[in-house]
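Before any comments, here is the structure.
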Amino acid sequence: MSATRRQILARTGASVAGIAFTGAFSELFAGSAAALGGHAGYGPLLPDPAGLLDLPAGFSYRVLSRQGDPLRSGEGAVPGNHDGMGAFAGRRGRVHLVRNHENRATAKTTVPTVPGLTYDPAAKGGCTALELDGRSQVLGERVAVAGTAVNCAGGPTPWNTWLTCEETEDRAGTNGYTKDHGFVFEVDGADPHRTGAVPLTAMGRFQHEAVAVDPRSGIVYETEDAFEAPFGLFYRFLPEKPLGGTGSLRAGGALEAMRVPGVPDLSVVQEAGACFEGVRWVPVPDPLAASTPIRHQDFGPGGITHAQKLEGCYWGAGRAGGPGAVYFVSSFARARDGSGATHFGQVWKYEPQRRRLTLVVVFGPDTDVRLPGESPDNICLAPSGGLMVCEDGDGAQHVFGVSRKGEVYAVARGAQNIGTPEGPEWGEFAGVTFAPDGRTMFVNCYTPGTTFAVTGPWR
């Protein structure tokens with residue numbers, strides 16, 4: 001059964017929005033420090049006098065970077081459309097943040113082109129990297145990769161680099177681009193010139209969203225956030241040089257897509273705990289999608305399994321050093337868009353050794369109105385005890401925590417009124433991640449592009 005939205009407190013500033021999930025939320029934290037948690041929030045969100053970020057009592061934030069301000073490197077202005085982000089340990093207690101910029105061809109504040117770091121000079125997206133000291137003071141800020149397009153999410157590698165994903169399939173000649181787009185790029189936040197601007201073409205050309213790497217096998221799992229039916233696929237990439245370190249993914253490998261026998265569309269599964277054995281992985285006929293997008297290609301008898309709004313993806317370690325599993329999110333599905341059914345968020349778990357897929361959590365629907373705490377997008381494990389989720393969709397402006405018991409509670413609320421010709425609008429959050437020591441949460445406001453460091457009594 002799904003969690004009904006009637007069970008969610010509509011008071012978004014309340015300490016807990018209690019949800020009686022039938023899904024096993026403890027599964028989401030298996031083998032992590034988060035399994036030691038289970039608290040149900042930090043109290044009501046308090047209005048921020050500065051009008052930027054509402055937080056519970058005892059928490060504070062620091063603005064690390066804002067769209068339009070000068071980059072510390074002098075390379076230009078801080079780009080806009082802040083999205084996915086990763087945090088990596090540096091020397092002497094420093095932290096390297098790598099931040100995506102989901103800039104389309106119409107973007108106003110673009111990623112500056114830099115020699116040696118630019119893939120396509122006509123494209124406006126990419127990544128910037130911030131270097132912080134142990135108190136989250138900014139020591140440096142620079143371009144990390146440029147000339148890419150619509151850099152949405154991504155994921156960290158076991159060797160502490162960032163895989164940034166282009167959420168587009170635009171070809172050369174579209175929007176003035178000089179090269180094909182739709183690739184993954186590796187970014188070293190400490191030394192961007194070490195990784196350059198090299199597309200990892202063997203990982204496929206499609207509307208990439210997020211990735212997660214199995215730290216044992218080196219297999220890379222990838223989500224696709226396609227905008228029209230037939231919707232995206234869930235992929236795995238088998239590298240020629242698994243766990244080979246920085247640059248090793250350039251050696252190529254095999255790309256496969258997930259087929260769940262008898263399930264052409266994941267949205268039709270509405271029962272938390274539903275389990276599917278014998279998941280198959282089918283070779284992608286043409287990973288570069290030279291003439292046909294991958295999700296439209298012929299996967300032979302049995303077809304392939306699609307899902308709308310495949311977004312966040314992360315690796316969860318197994319209990320007591322077990323084999324672990326990959327978790328991925330479908331933010332929502334709408335029958336009116338062409339999905340097989342409607343929901344307001346699913347979290348799936350795939351266990352590679354058992355070839356088993358399980359629907360861990362499903363949200364709604366029981367009305368036509370999405371309430372806060374649903375439509376999960378970027379997602380991460382919080383080392384201090386829980387899951388942190390950026391909500392997606394119209395009106396999204398919260399970061400929510402989730403306890404092991406399935407209680408959803410507000411952690412942060414955007415207070416920036418950016419204004420539009422149609423009226424006020426608040427930018428959604430993205431890129432939630434934690435410092436390696438677990439003491440600071442970093443998160444982006446998409447518009448206006450703002451990166452926050454949030455400290456407080458994480459527990």
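Ordering of the structure tokens sets the chain letters (A, B, ...); residue numbers start at 1 within each chain; ligands are numbered from 1 in the order shown.
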Can you pull out the residues contacting region 292-300 of chain A? Cut-off 8 Å, using only C-alpha atoms, and skip same-chain residues under 2 positions away; I want them as a PyMOL selection string. chain A and resi 169+205-206+230-233+282-287+289-290+302-304+306
Atoms kept (all heavy atoms) for selection, written as a CSV table (one decimal), in the first residue's frame:
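Generated output (out.csv):
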chain,number,residue,atom,x,y,z
A,169,GLU,N,19.8,15.4,-25.1
A,169,GLU,CA,20.3,14.5,-26.3
A,169,GLU,C,20.5,15.4,-27.5
A,169,GLU,O,20.6,14.9,-28.6
A,169,GLU,CB,19.2,13.5,-26.6
A,169,GLU,CG,18.9,12.5,-25.5
A,169,GLU,CD,17.7,11.6,-25.8
A,169,GLU,OE1,16.7,12.1,-26.2
A,169,GLU,OE2,17.8,10.4,-25.6
A,205,ARG,N,24.8,7.9,-24.7
A,205,ARG,CA,24.3,9.3,-25.0
A,205,ARG,C,22.8,9.3,-24.8
A,205,ARG,O,22.1,8.8,-25.7
A,205,ARG,CB,24.7,9.7,-26.4
A,205,ARG,CG,24.6,11.2,-26.7
A,205,ARG,CD,25.0,11.6,-28.1
A,205,ARG,NE,24.0,11.2,-29.0
A,205,ARG,CZ,22.9,11.8,-29.3
A,205,ARG,NH1,22.6,13.0,-28.6
A,205,ARG,NH2,22.0,11.4,-30.2
A,206,PHE,N,22.4,9.9,-23.7
A,206,PHE,CA,21.0,10.0,-23.4
A,206,PHE,C,20.8,11.1,-22.4
A,206,PHE,O,21.7,11.8,-22.0
A,206,PHE,CB,20.4,8.6,-23.0
A,206,PHE,CG,21.0,8.0,-21.8
A,206,PHE,CD1,20.7,8.3,-20.5
A,206,PHE,CD2,22.1,7.1,-21.9
A,206,PHE,CE1,21.3,7.8,-19.4
A,206,PHE,CE2,22.7,6.5,-20.8
A,206,PHE,CZ,22.3,6.8,-19.5
A,230,PRO,N,8.1,7.3,-24.8
A,230,PRO,CA,8.4,6.4,-23.7
A,230,PRO,C,9.5,7.0,-22.8
A,230,PRO,O,10.5,7.6,-23.3
A,230,PRO,CB,8.9,5.1,-24.4
A,230,PRO,CG,9.5,5.6,-25.7
A,230,PRO,CD,8.6,6.8,-26.1
A,231,PHE,N,9.4,6.9,-21.5
A,231,PHE,CA,10.2,7.5,-20.6
A,231,PHE,C,11.6,6.8,-20.4
A,231,PHE,O,11.9,5.8,-21.2
A,231,PHE,CB,9.5,7.7,-19.3
A,231,PHE,CG,8.3,8.6,-19.4
A,231,PHE,CD1,7.0,8.1,-19.3
A,231,PHE,CD2,8.5,10.0,-19.6
A,231,PHE,CE1,6.0,9.0,-19.4
A,231,PHE,CE2,7.5,10.8,-19.7
A,231,PHE,CZ,6.2,10.4,-19.6
A,232,GLY,N,12.4,7.2,-19.5
A,232,GLY,CA,13.7,6.8,-19.4
A,232,GLY,C,13.9,5.4,-18.9
A,232,GLY,O,13.0,4.7,-18.5
A,233,LEU,N,15.2,4.9,-19.0
A,233,LEU,CA,15.6,3.6,-18.6
A,233,LEU,C,16.5,3.7,-17.4
A,233,LEU,O,17.1,4.7,-17.1
A,233,LEU,CB,16.2,2.9,-19.8
A,233,LEU,CG,15.5,2.9,-21.1
A,233,LEU,CD1,16.3,2.2,-22.2
A,233,LEU,CD2,14.1,2.3,-21.0
A,282,VAL,N,20.0,-6.0,-20.5
A,282,VAL,CA,20.0,-6.2,-22.0
A,282,VAL,C,21.0,-5.3,-22.6
A,282,VAL,O,20.9,-4.1,-22.3
A,282,VAL,CB,18.6,-6.0,-22.6
A,282,VAL,CG1,18.5,-6.3,-24.0
A,282,VAL,CG2,17.5,-6.8,-21.8
A,283,PRO,N,21.9,-5.8,-23.5
A,283,PRO,CA,22.8,-4.8,-24.1
A,283,PRO,C,22.1,-3.8,-24.9
A,283,PRO,O,21.1,-4.0,-25.6
A,283,PRO,CB,23.6,-5.8,-25.1
A,283,PRO,CG,23.5,-7.1,-24.5
A,283,PRO,CD,22.1,-7.2,-23.8
A,284,VAL,N,22.6,-2.5,-24.8
A,284,VAL,CA,22.0,-1.4,-25.6
A,284,VAL,C,22.5,-1.5,-27.0
A,284,VAL,O,23.7,-1.6,-27.2
A,284,VAL,CB,22.5,-0.1,-24.9
A,284,VAL,CG1,22.1,1.1,-25.8
A,284,VAL,CG2,21.9,0.1,-23.5
A,285,PRO,N,21.6,-1.6,-28.0
A,285,PRO,CA,22.0,-1.8,-29.4
A,285,PRO,C,23.0,-0.7,-29.9
A,285,PRO,O,24.0,-1.0,-30.5
A,285,PRO,CB,20.7,-1.7,-30.1
A,285,PRO,CG,19.7,-2.1,-29.1
A,285,PRO,CD,20.1,-1.6,-27.8
A,286,ASP,N,22.7,0.6,-29.5
A,286,ASP,CA,23.5,1.7,-30.0
A,286,ASP,C,23.7,2.7,-28.9
A,286,ASP,O,22.9,3.6,-28.8
A,286,ASP,CB,22.9,2.3,-31.3
A,286,ASP,CG,23.7,3.5,-31.7
A,286,ASP,OD1,24.9,3.7,-31.3
A,286,ASP,OD2,23.2,4.3,-32.5
A,287,PRO,N,24.7,2.5,-28.1
A,287,PRO,CA,24.9,3.5,-26.9
A,287,PRO,C,25.1,4.9,-27.3
A,287,PRO,O,24.7,5.8,-26.5
A,287,PRO,CB,26.2,2.9,-26.3
A,287,PRO,CG,26.2,1.5,-26.6
A,287,PRO,CD,25.7,1.4,-28.0
A,289,ALA,N,23.5,6.4,-29.7
A,289,ALA,CA,22.2,6.8,-30.2
A,289,ALA,C,22.4,7.7,-31.5
A,289,ALA,O,21.9,8.8,-31.7
A,289,ALA,CB,21.4,7.7,-29.2
A,290,ALA,N,23.1,7.1,-32.5
A,290,ALA,CA,23.5,7.8,-33.7
A,290,ALA,C,22.3,8.2,-34.5
A,290,ALA,O,22.2,9.3,-35.1
A,290,ALA,CB,24.4,6.9,-34.5
A,302,GLY,N,10.5,-9.2,-25.4
A,302,GLY,CA,10.5,-8.9,-24.0
A,302,GLY,C,10.6,-7.4,-23.7
A,302,GLY,O,10.3,-6.9,-22.6
A,303,GLY,N,11.1,-6.6,-24.8
A,303,GLY,CA,11.2,-5.2,-24.7
A,303,GLY,C,12.1,-4.7,-23.6
A,303,GLY,O,13.1,-5.4,-23.2
A,304,ILE,N,11.8,-3.6,-22.9
A,304,ILE,CA,12.6,-3.0,-21.9
A,304,ILE,C,11.7,-2.3,-20.9
A,304,ILE,O,10.6,-2.0,-21.2
A,304,ILE,CB,13.7,-2.0,-22.6
A,304,ILE,CG1,14.9,-1.9,-21.7
A,304,ILE,CG2,13.0,-0.7,-22.9
A,304,ILE,CD1,15.7,-3.2,-21.6
A,306,HIS,N,10.6,0.9,-18.7
A,306,HIS,CA,10.7,2.4,-18.6
A,306,HIS,C,10.2,2.9,-17.3
A,306,HIS,O,9.5,2.2,-16.5
A,306,HIS,CB,9.8,3.0,-19.8
A,306,HIS,CG,10.3,2.6,-21.1
A,306,HIS,ND1,11.1,3.4,-21.9
A,306,HIS,CD2,10.0,1.5,-21.9
A,306,HIS,CE1,11.3,2.8,-23.1
A,306,HIS,NE2,10.6,1.7,-23.1
List the neighbours of region 86-95 of chain A out to 6 Å using only C-alpha atoms; skip same-chain residues closer than 5 positions along the sequence, and give me the result as a list in words. Glu131, Leu132, Asp133, Gly134, Ala435 and Pro436 of chain A
Output file for the residues above (N, CA and C atoms, as a PDB file, in the first residue's frame):
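The file below, part.pdb, is the result:
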ATOM      1  N   GLU A 131      36.804  25.334  -3.039  1.00  0.00           N
ATOM      2  CA  GLU A 131      37.684  24.782  -2.008  1.00  0.00           C
ATOM      3  C   GLU A 131      37.385  25.500  -0.700  1.00  0.00           C
ATOM      4  N   LEU A 132      37.093  24.710   0.352  1.00  0.00           N
ATOM      5  CA  LEU A 132      36.699  25.262   1.638  1.00  0.00           C
ATOM      6  C   LEU A 132      37.669  24.821   2.717  1.00  0.00           C
ATOM      7  N   ASP A 133      37.805  25.651   3.751  1.00  0.00           N
ATOM      8  CA  ASP A 133      38.553  25.198   4.921  1.00  0.00           C
ATOM      9  C   ASP A 133      37.612  24.462   5.870  1.00  0.00           C
ATOM     10  N   GLY A 134      38.110  24.059   7.024  1.00  0.00           N
ATOM     11  CA  GLY A 134      37.313  23.276   7.951  1.00  0.00           C
ATOM     12  C   GLY A 134      36.141  24.009   8.547  1.00  0.00           C
ATOM     13  N   ALA A 435      29.559  17.173   4.135  1.00  0.00           N
ATOM     14  CA  ALA A 435      31.013  17.173   4.224  1.00  0.00           C
ATOM     15  C   ALA A 435      31.487  15.792   4.669  1.00  0.00           C
ATOM     16  N   PRO A 436      32.704  15.413   4.308  1.00  0.00           N
ATOM     17  CA  PRO A 436      33.191  14.088   4.693  1.00  0.00           C
ATOM     18  C   PRO A 436      33.128  13.809   6.185  1.00  0.00           C
TER      19      PRO A 436
END
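Taking CA of Gly438 (chain A) and CA of Trp458 (chain A) as endpoints, the distance between them is 8.3 Å.
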Selected residue of minimal separation from Glu228 (chain A) among A:Ala307, A:Leu139, A:Val198, A:Val329, counting only C-alpha atoms: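 Smallest separation from Glu228 (chain A) among the options: A:Ala307.
For region 246-338 of chain A, backbone-based DSSP labels the following residues as helix (DSSP H, G or I): Ser248, Leu249, Arg250, Ala251, Leu266, Ser267, Val268, Ile294, Arg295, His296, Arg319, Ala320, Gly321, Ala335, Arg336 and Asp337 of chain A.
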Grab the residues selected above and save them as a short mmCIF file (atom, residue, chain, number, x, y, z; two decimals), in the first residue's frame with all heavy atoms.
data_model
loop_
_atom_site.label_atom_id
_atom_site.label_comp_id
_atom_site.auth_asym_id
_atom_site.auth_seq_id
_atom_site.Cartn_x
_atom_site.Cartn_y
_atom_site.Cartn_z
N SER A 248 39.99 6.13 -15.69
CA SER A 248 39.85 4.73 -16.12
C SER A 248 38.57 4.49 -16.91
O SER A 248 38.51 3.57 -17.75
CB SER A 248 39.90 3.80 -14.92
OG SER A 248 38.83 4.07 -14.02
N LEU A 249 37.52 5.28 -16.68
CA LEU A 249 36.27 5.06 -17.40
C LEU A 249 36.39 5.42 -18.88
O LEU A 249 35.53 5.04 -19.68
CB LEU A 249 35.15 5.88 -16.75
CG LEU A 249 34.78 5.46 -15.32
CD1 LEU A 249 33.77 6.42 -14.72
CD2 LEU A 249 34.24 4.03 -15.29
N ARG A 250 37.44 6.13 -19.25
CA ARG A 250 37.66 6.43 -20.66
C ARG A 250 38.00 5.18 -21.46
O ARG A 250 37.91 5.19 -22.70
CB ARG A 250 38.80 7.45 -20.83
CG ARG A 250 38.58 8.77 -20.14
CD ARG A 250 39.75 9.69 -20.41
NE ARG A 250 39.72 10.88 -19.57
CZ ARG A 250 40.65 11.83 -19.59
NH1 ARG A 250 41.68 11.73 -20.42
NH2 ARG A 250 40.56 12.88 -18.79
N ALA A 251 38.42 4.13 -20.79
CA ALA A 251 38.82 2.90 -21.49
C ALA A 251 37.64 2.18 -22.12
O ALA A 251 37.83 1.24 -22.90
CB ALA A 251 39.55 1.96 -20.52
N LEU A 266 7.56 0.97 -14.60
CA LEU A 266 7.64 0.83 -13.14
C LEU A 266 6.51 1.55 -12.42
O LEU A 266 6.20 1.22 -11.27
CB LEU A 266 8.98 1.35 -12.63
CG LEU A 266 10.23 0.54 -13.01
CD1 LEU A 266 11.47 1.19 -12.42
CD2 LEU A 266 10.12 -0.91 -12.55
N SER A 267 5.89 2.55 -13.05
CA SER A 267 4.86 3.31 -12.36
C SER A 267 3.64 2.48 -11.99
O SER A 267 2.90 2.82 -11.08
CB SER A 267 4.41 4.51 -13.22
OG SER A 267 3.69 4.08 -14.35
N VAL A 268 3.43 1.37 -12.69
CA VAL A 268 2.23 0.56 -12.43
C VAL A 268 2.36 -0.21 -11.12
O VAL A 268 1.37 -0.75 -10.61
CB VAL A 268 1.93 -0.41 -13.58
CG1 VAL A 268 1.74 0.35 -14.88
CG2 VAL A 268 3.02 -1.47 -13.72
N ILE A 294 18.15 5.95 -27.25
CA ILE A 294 18.26 4.60 -26.70
C ILE A 294 16.90 4.05 -26.26
O ILE A 294 16.57 2.89 -26.53
CB ILE A 294 19.26 4.57 -25.53
CG1 ILE A 294 20.68 4.83 -26.05
CG2 ILE A 294 19.21 3.23 -24.80
CD1 ILE A 294 21.73 4.94 -24.97
N ARG A 295 16.10 4.87 -25.59
CA ARG A 295 14.83 4.37 -25.05
C ARG A 295 13.85 3.98 -26.16
O ARG A 295 12.86 3.30 -25.89
CB ARG A 295 14.21 5.41 -24.12
CG ARG A 295 13.83 6.70 -24.79
CD ARG A 295 13.39 7.76 -23.78
NE ARG A 295 13.05 9.01 -24.42
CZ ARG A 295 13.95 9.92 -24.81
NH1 ARG A 295 15.23 9.70 -24.60
NH2 ARG A 295 13.56 11.04 -25.39
N HIS A 296 14.10 4.41 -27.41
CA HIS A 296 13.27 4.05 -28.56
C HIS A 296 13.83 2.85 -29.31
O HIS A 296 13.20 2.37 -30.25
CB HIS A 296 13.16 5.23 -29.53
CG HIS A 296 12.31 6.35 -29.05
ND1 HIS A 296 10.96 6.41 -29.25
CD2 HIS A 296 12.64 7.48 -28.37
CE1 HIS A 296 10.48 7.53 -28.72
NE2 HIS A 296 11.48 8.20 -28.18
N ARG A 319 24.55 -4.68 5.21
CA ARG A 319 24.76 -4.84 6.64
C ARG A 319 25.99 -5.71 6.90
O ARG A 319 26.22 -6.69 6.21
CB ARG A 319 23.53 -5.49 7.28
CG ARG A 319 22.26 -4.64 7.15
CD ARG A 319 21.09 -5.33 7.87
NE ARG A 319 19.84 -4.64 7.63
CZ ARG A 319 19.43 -3.58 8.30
NH1 ARG A 319 20.19 -3.08 9.26
NH2 ARG A 319 18.27 -3.02 8.02
N ALA A 320 26.76 -5.31 7.92
CA ALA A 320 27.93 -6.07 8.35
C ALA A 320 28.86 -6.38 7.18
O ALA A 320 29.38 -7.48 7.03
CB ALA A 320 27.49 -7.37 9.04
N GLY A 321 29.03 -5.38 6.32
CA GLY A 321 29.95 -5.56 5.21
C GLY A 321 29.39 -6.39 4.08
O GLY A 321 30.15 -6.90 3.25
N ALA A 335 -0.23 9.63 -15.28
CA ALA A 335 -0.88 8.93 -16.38
C ALA A 335 -1.18 9.88 -17.53
O ALA A 335 -1.10 9.50 -18.70
CB ALA A 335 -2.16 8.25 -15.87
N ARG A 336 -1.50 11.12 -17.20
CA ARG A 336 -1.83 12.08 -18.26
C ARG A 336 -0.62 12.41 -19.13
O ARG A 336 -0.76 12.91 -20.25
CB ARG A 336 -2.41 13.36 -17.65
CG ARG A 336 -1.44 14.20 -16.84
CD ARG A 336 -2.10 15.51 -16.40
NE ARG A 336 -1.19 16.40 -15.71
CZ ARG A 336 -1.04 16.45 -14.39
NH1 ARG A 336 -1.77 15.63 -13.62
NH2 ARG A 336 -0.20 17.31 -13.84
N ASP A 337 0.59 12.14 -18.63
CA ASP A 337 1.79 12.37 -19.42
C ASP A 337 2.17 11.17 -20.28
O ASP A 337 3.08 11.26 -21.10
CB ASP A 337 2.98 12.70 -18.50
CG ASP A 337 2.81 14.00 -17.75
OD1 ASP A 337 1.99 14.84 -18.20
OD2 ASP A 337 3.49 14.18 -16.72
#
From a DSSP pass on the backbone, collect the residues of region 110-287 of chain A flagged as strand (DSSP E or B) and hand them back as a VMD selection string. chain A and resid 118 125 to 132 138 to 148 151 to 156 162 to 167 184 to 187 199 207 to 213 220 to 224 232 234 to 239 253 to 260 263 265 275 to 276 280 to 283
So that I have them on file, write out the residues from the current selection with C-alpha atoms, as a PDB file, in the first residue's frame.
ATOM      1  CA  THR A 118      36.009  23.176 -22.475  1.00  0.00           C
ATOM      2  CA  GLY A 125      26.754  24.396 -18.848  1.00  0.00           C
ATOM      3  CA  GLY A 126      29.433  22.673 -16.823  1.00  0.00           C
ATOM      4  CA  CYS A 127      30.769  22.536 -13.274  1.00  0.00           C
ATOM      5  CA  THR A 128      32.506  24.845 -10.861  1.00  0.00           C
ATOM      6  CA  ALA A 129      34.644  23.747  -7.923  1.00  0.00           C
ATOM      7  CA  LEU A 130      34.884  25.384  -4.495  1.00  0.00           C
ATOM      8  CA  GLU A 131      37.684  24.782  -2.008  1.00  0.00           C
ATOM      9  CA  LEU A 132      36.699  25.262   1.638  1.00  0.00           C
ATOM     10  CA  VAL A 138      35.735  29.696   0.774  1.00  0.00           C
ATOM     11  CA  LEU A 139      39.414  29.531  -0.143  1.00  0.00           C
ATOM     12  CA  GLY A 140      38.974  29.192  -3.882  1.00  0.00           C
ATOM     13  CA  GLU A 141      36.373  28.903  -6.618  1.00  0.00           C
ATOM     14  CA  ARG A 142      37.003  28.053 -10.247  1.00  0.00           C
ATOM     15  CA  VAL A 143      35.683  26.445 -13.422  1.00  0.00           C
ATOM     16  CA  ALA A 144      36.012  22.651 -13.320  1.00  0.00           C
ATOM     17  CA  VAL A 145      34.546  21.747 -16.729  1.00  0.00           C
ATOM     18  CA  ALA A 146      32.884  23.946 -19.366  1.00  0.00           C
ATOM     19  CA  GLY A 147      31.184  23.639 -22.729  1.00  0.00           C
ATOM     20  CA  THR A 148      28.775  20.949 -21.596  1.00  0.00           C
ATOM     21  CA  ASN A 151      24.459  19.389 -16.251  1.00  0.00           C
ATOM     22  CA  CYS A 152      21.805  18.038 -13.928  1.00  0.00           C
ATOM     23  CA  ALA A 153      22.971  15.539 -11.322  1.00  0.00           C
ATOM     24  CA  GLY A 154      25.724  12.925 -11.263  1.00  0.00           C
ATOM     25  CA  GLY A 155      27.506  11.066  -8.513  1.00  0.00           C
ATOM     26  CA  PRO A 156      30.848  10.485  -6.769  1.00  0.00           C
ATOM     27  CA  TRP A 162      32.639  13.615  -9.624  1.00  0.00           C
ATOM     28  CA  LEU A 163      30.704  12.242 -12.593  1.00  0.00           C
ATOM     29  CA  THR A 164      28.634  15.097 -14.024  1.00  0.00           C
ATOM     30  CA  CYS A 165      25.700  14.208 -16.278  1.00  0.00           C
ATOM     31  CA  GLU A 166      24.244  16.029 -19.281  1.00  0.00           C
ATOM     32  CA  GLU A 167      20.442  15.849 -19.213  1.00  0.00           C
ATOM     33  CA  VAL A 184      28.925  11.861 -18.656  1.00  0.00           C
ATOM     34  CA  PHE A 185      32.151  13.719 -17.827  1.00  0.00           C
ATOM     35  CA  GLU A 186      34.574  12.991 -14.984  1.00  0.00           C
ATOM     36  CA  VAL A 187      35.638  15.999 -12.883  1.00  0.00           C
ATOM     37  CA  PRO A 199      33.046  12.732 -22.743  1.00  0.00           C
ATOM     38  CA  GLN A 207      19.247  12.348 -20.964  1.00  0.00           C
ATOM     39  CA  HIS A 208      21.442  11.443 -18.010  1.00  0.00           C
ATOM     40  CA  GLU A 209      20.358  12.269 -14.472  1.00  0.00           C
ATOM     41  CA  ALA A 210      22.399  10.556 -11.746  1.00  0.00           C
ATOM     42  CA  VAL A 211      24.928   7.767 -11.249  1.00  0.00           C
ATOM     43  CA  ALA A 212      26.056   5.467  -8.452  1.00  0.00           C
ATOM     44  CA  VAL A 213      29.162   3.264  -8.420  1.00  0.00           C
ATOM     45  CA  VAL A 220      28.209   2.202 -12.651  1.00  0.00           C
ATOM     46  CA  TYR A 221      24.407   2.539 -12.453  1.00  0.00           C
ATOM     47  CA  GLU A 222      22.748   5.392 -14.361  1.00  0.00           C
ATOM     48  CA  THR A 223      19.283   6.968 -14.352  1.00  0.00           C
ATOM     49  CA  GLU A 224      17.635   8.634 -17.346  1.00  0.00           C
ATOM     50  CA  GLY A 232      13.734   6.793 -19.357  1.00  0.00           C
ATOM     51  CA  PHE A 234      17.733   2.375 -15.728  1.00  0.00           C
ATOM     52  CA  TYR A 235      21.205   1.396 -16.954  1.00  0.00           C
ATOM     53  CA  ARG A 236      24.365  -0.277 -15.801  1.00  0.00           C
ATOM     54  CA  PHE A 237      27.807   0.297 -17.284  1.00  0.00           C
ATOM     55  CA  LEU A 238      30.411  -2.476 -17.072  1.00  0.00           C
ATOM     56  CA  PRO A 239      33.815  -0.736 -17.299  1.00  0.00           C
ATOM     57  CA  GLY A 253      32.969  -0.810 -21.449  1.00  0.00           C
ATOM     58  CA  ALA A 254      29.525  -2.260 -22.075  1.00  0.00           C
ATOM     59  CA  LEU A 255      26.218  -0.430 -21.541  1.00  0.00           C
ATOM     60  CA  GLU A 256      23.090  -2.401 -20.606  1.00  0.00           C
ATOM     61  CA  ALA A 257      19.497  -1.500 -19.714  1.00  0.00           C
ATOM     62  CA  MET A 258      17.290  -3.092 -17.061  1.00  0.00           C
ATOM     63  CA  ARG A 259      14.442  -5.370 -18.076  1.00  0.00           C
ATOM     64  CA  VAL A 260      12.004  -6.417 -15.350  1.00  0.00           C
ATOM     65  CA  VAL A 263       6.852  -4.904 -16.113  1.00  0.00           C
ATOM     66  CA  ASP A 265       6.573   0.572 -16.804  1.00  0.00           C
ATOM     67  CA  CYS A 275       9.643  -7.676  -5.305  1.00  0.00           C
ATOM     68  CA  PHE A 276      10.792  -8.849  -8.732  1.00  0.00           C
ATOM     69  CA  ARG A 280      17.748  -9.033 -16.701  1.00  0.00           C
ATOM     70  CA  TRP A 281      20.270  -6.650 -18.236  1.00  0.00           C
ATOM     71  CA  VAL A 282      19.981  -6.237 -21.983  1.00  0.00           C
ATOM     72  CA  PRO A 283      22.822  -4.848 -24.137  1.00  0.00           C
TER      73      PRO A 283
END
For Asp377 (chain A): contacts at 6 Å, only C-alpha atoms, fewer than 4 positions along chain excluded, given as number ranges by chain: A: 311-312, 331, 390-392
Find the residues near Gln67 (chain A): any atom within 10 Å, counting only C-alpha atoms, skip ones fewer than 6 places away on the same chain, and give them as a compact mmCIF listing (two decimals) with N, CA, C and O atoms, in the first residue's frame.
# COMPACT_ATOMS: atom_id res chain seq x y z
N ALA A 77 32.03 35.24 -14.00
CA ALA A 77 31.01 35.27 -12.95
C ALA A 77 30.59 33.85 -12.57
O ALA A 77 30.70 32.91 -13.36
N VAL A 78 30.10 33.71 -11.34
CA VAL A 78 29.52 32.44 -10.89
C VAL A 78 28.32 32.13 -11.78
O VAL A 78 27.41 32.94 -11.89
N PRO A 79 28.30 30.96 -12.45
CA PRO A 79 27.18 30.63 -13.32
C PRO A 79 25.90 30.39 -12.52
O PRO A 79 25.92 30.33 -11.29
N GLY A 80 24.79 30.25 -13.23
CA GLY A 80 23.50 30.02 -12.58
C GLY A 80 23.05 28.58 -12.65
O GLY A 80 23.79 27.67 -13.02
N ASN A 81 21.78 28.37 -12.28
CA ASN A 81 21.12 27.06 -12.34
C ASN A 81 21.92 25.98 -11.60
O ASN A 81 22.29 24.94 -12.16
N HIS A 82 22.17 26.23 -10.31
CA HIS A 82 22.92 25.29 -9.48
C HIS A 82 22.13 24.00 -9.30
O HIS A 82 20.96 24.03 -8.91
N THR A 109 23.56 33.41 -17.29
CA THR A 109 24.84 33.42 -16.57
C THR A 109 25.49 32.07 -16.79
O THR A 109 25.14 31.08 -16.15
N THR A 110 26.43 32.00 -17.70
CA THR A 110 26.94 30.73 -18.20
C THR A 110 28.28 30.36 -17.57
O THR A 110 28.94 31.20 -16.94
N TYR A 446 18.41 26.32 -6.73
CA TYR A 446 18.57 26.30 -8.18
C TYR A 446 18.53 27.70 -8.77
O TYR A 446 19.38 28.08 -9.57
N THR A 447 17.50 28.47 -8.36
CA THR A 447 17.33 29.84 -8.86
C THR A 447 16.82 30.74 -7.75
O THR A 447 15.82 30.40 -7.11
N PRO A 448 17.46 31.86 -7.47
CA PRO A 448 18.75 32.26 -8.03
C PRO A 448 19.86 31.37 -7.49
O PRO A 448 19.84 30.99 -6.30
N GLY A 449 20.82 31.02 -8.33
CA GLY A 449 21.86 30.07 -7.94
C GLY A 449 22.56 30.48 -6.67
O GLY A 449 23.22 31.51 -6.61
N THR A 450 22.43 29.65 -5.63
CA THR A 450 23.01 29.94 -4.32
C THR A 450 23.47 28.64 -3.71
O THR A 450 22.73 27.65 -3.71
N THR A 451 24.68 28.60 -3.17
CA THR A 451 25.19 27.44 -2.46
C THR A 451 25.31 27.76 -0.98
O THR A 451 25.94 28.75 -0.61
Among listed residues A:Pro323, A:Arg356, A:Ala123, A:Thr342, nearest Glu277 (chain A) (using only C-alpha atoms):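 Using only C-alpha atoms, the shortest distance to Glu277 (chain A) belongs to A:Arg356.
Atom to atom, CA of Met388 (chain A) and CA of Thr455 (chain A) stand 14.3 Å apart.
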For Tyr42 (chain A), which residue among A:Ala410, A:Ala325, A:Val454, A:Val432 is the nearest when counting only C-alpha atoms?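 Nearest to Tyr42 (chain A): A:Ala410.
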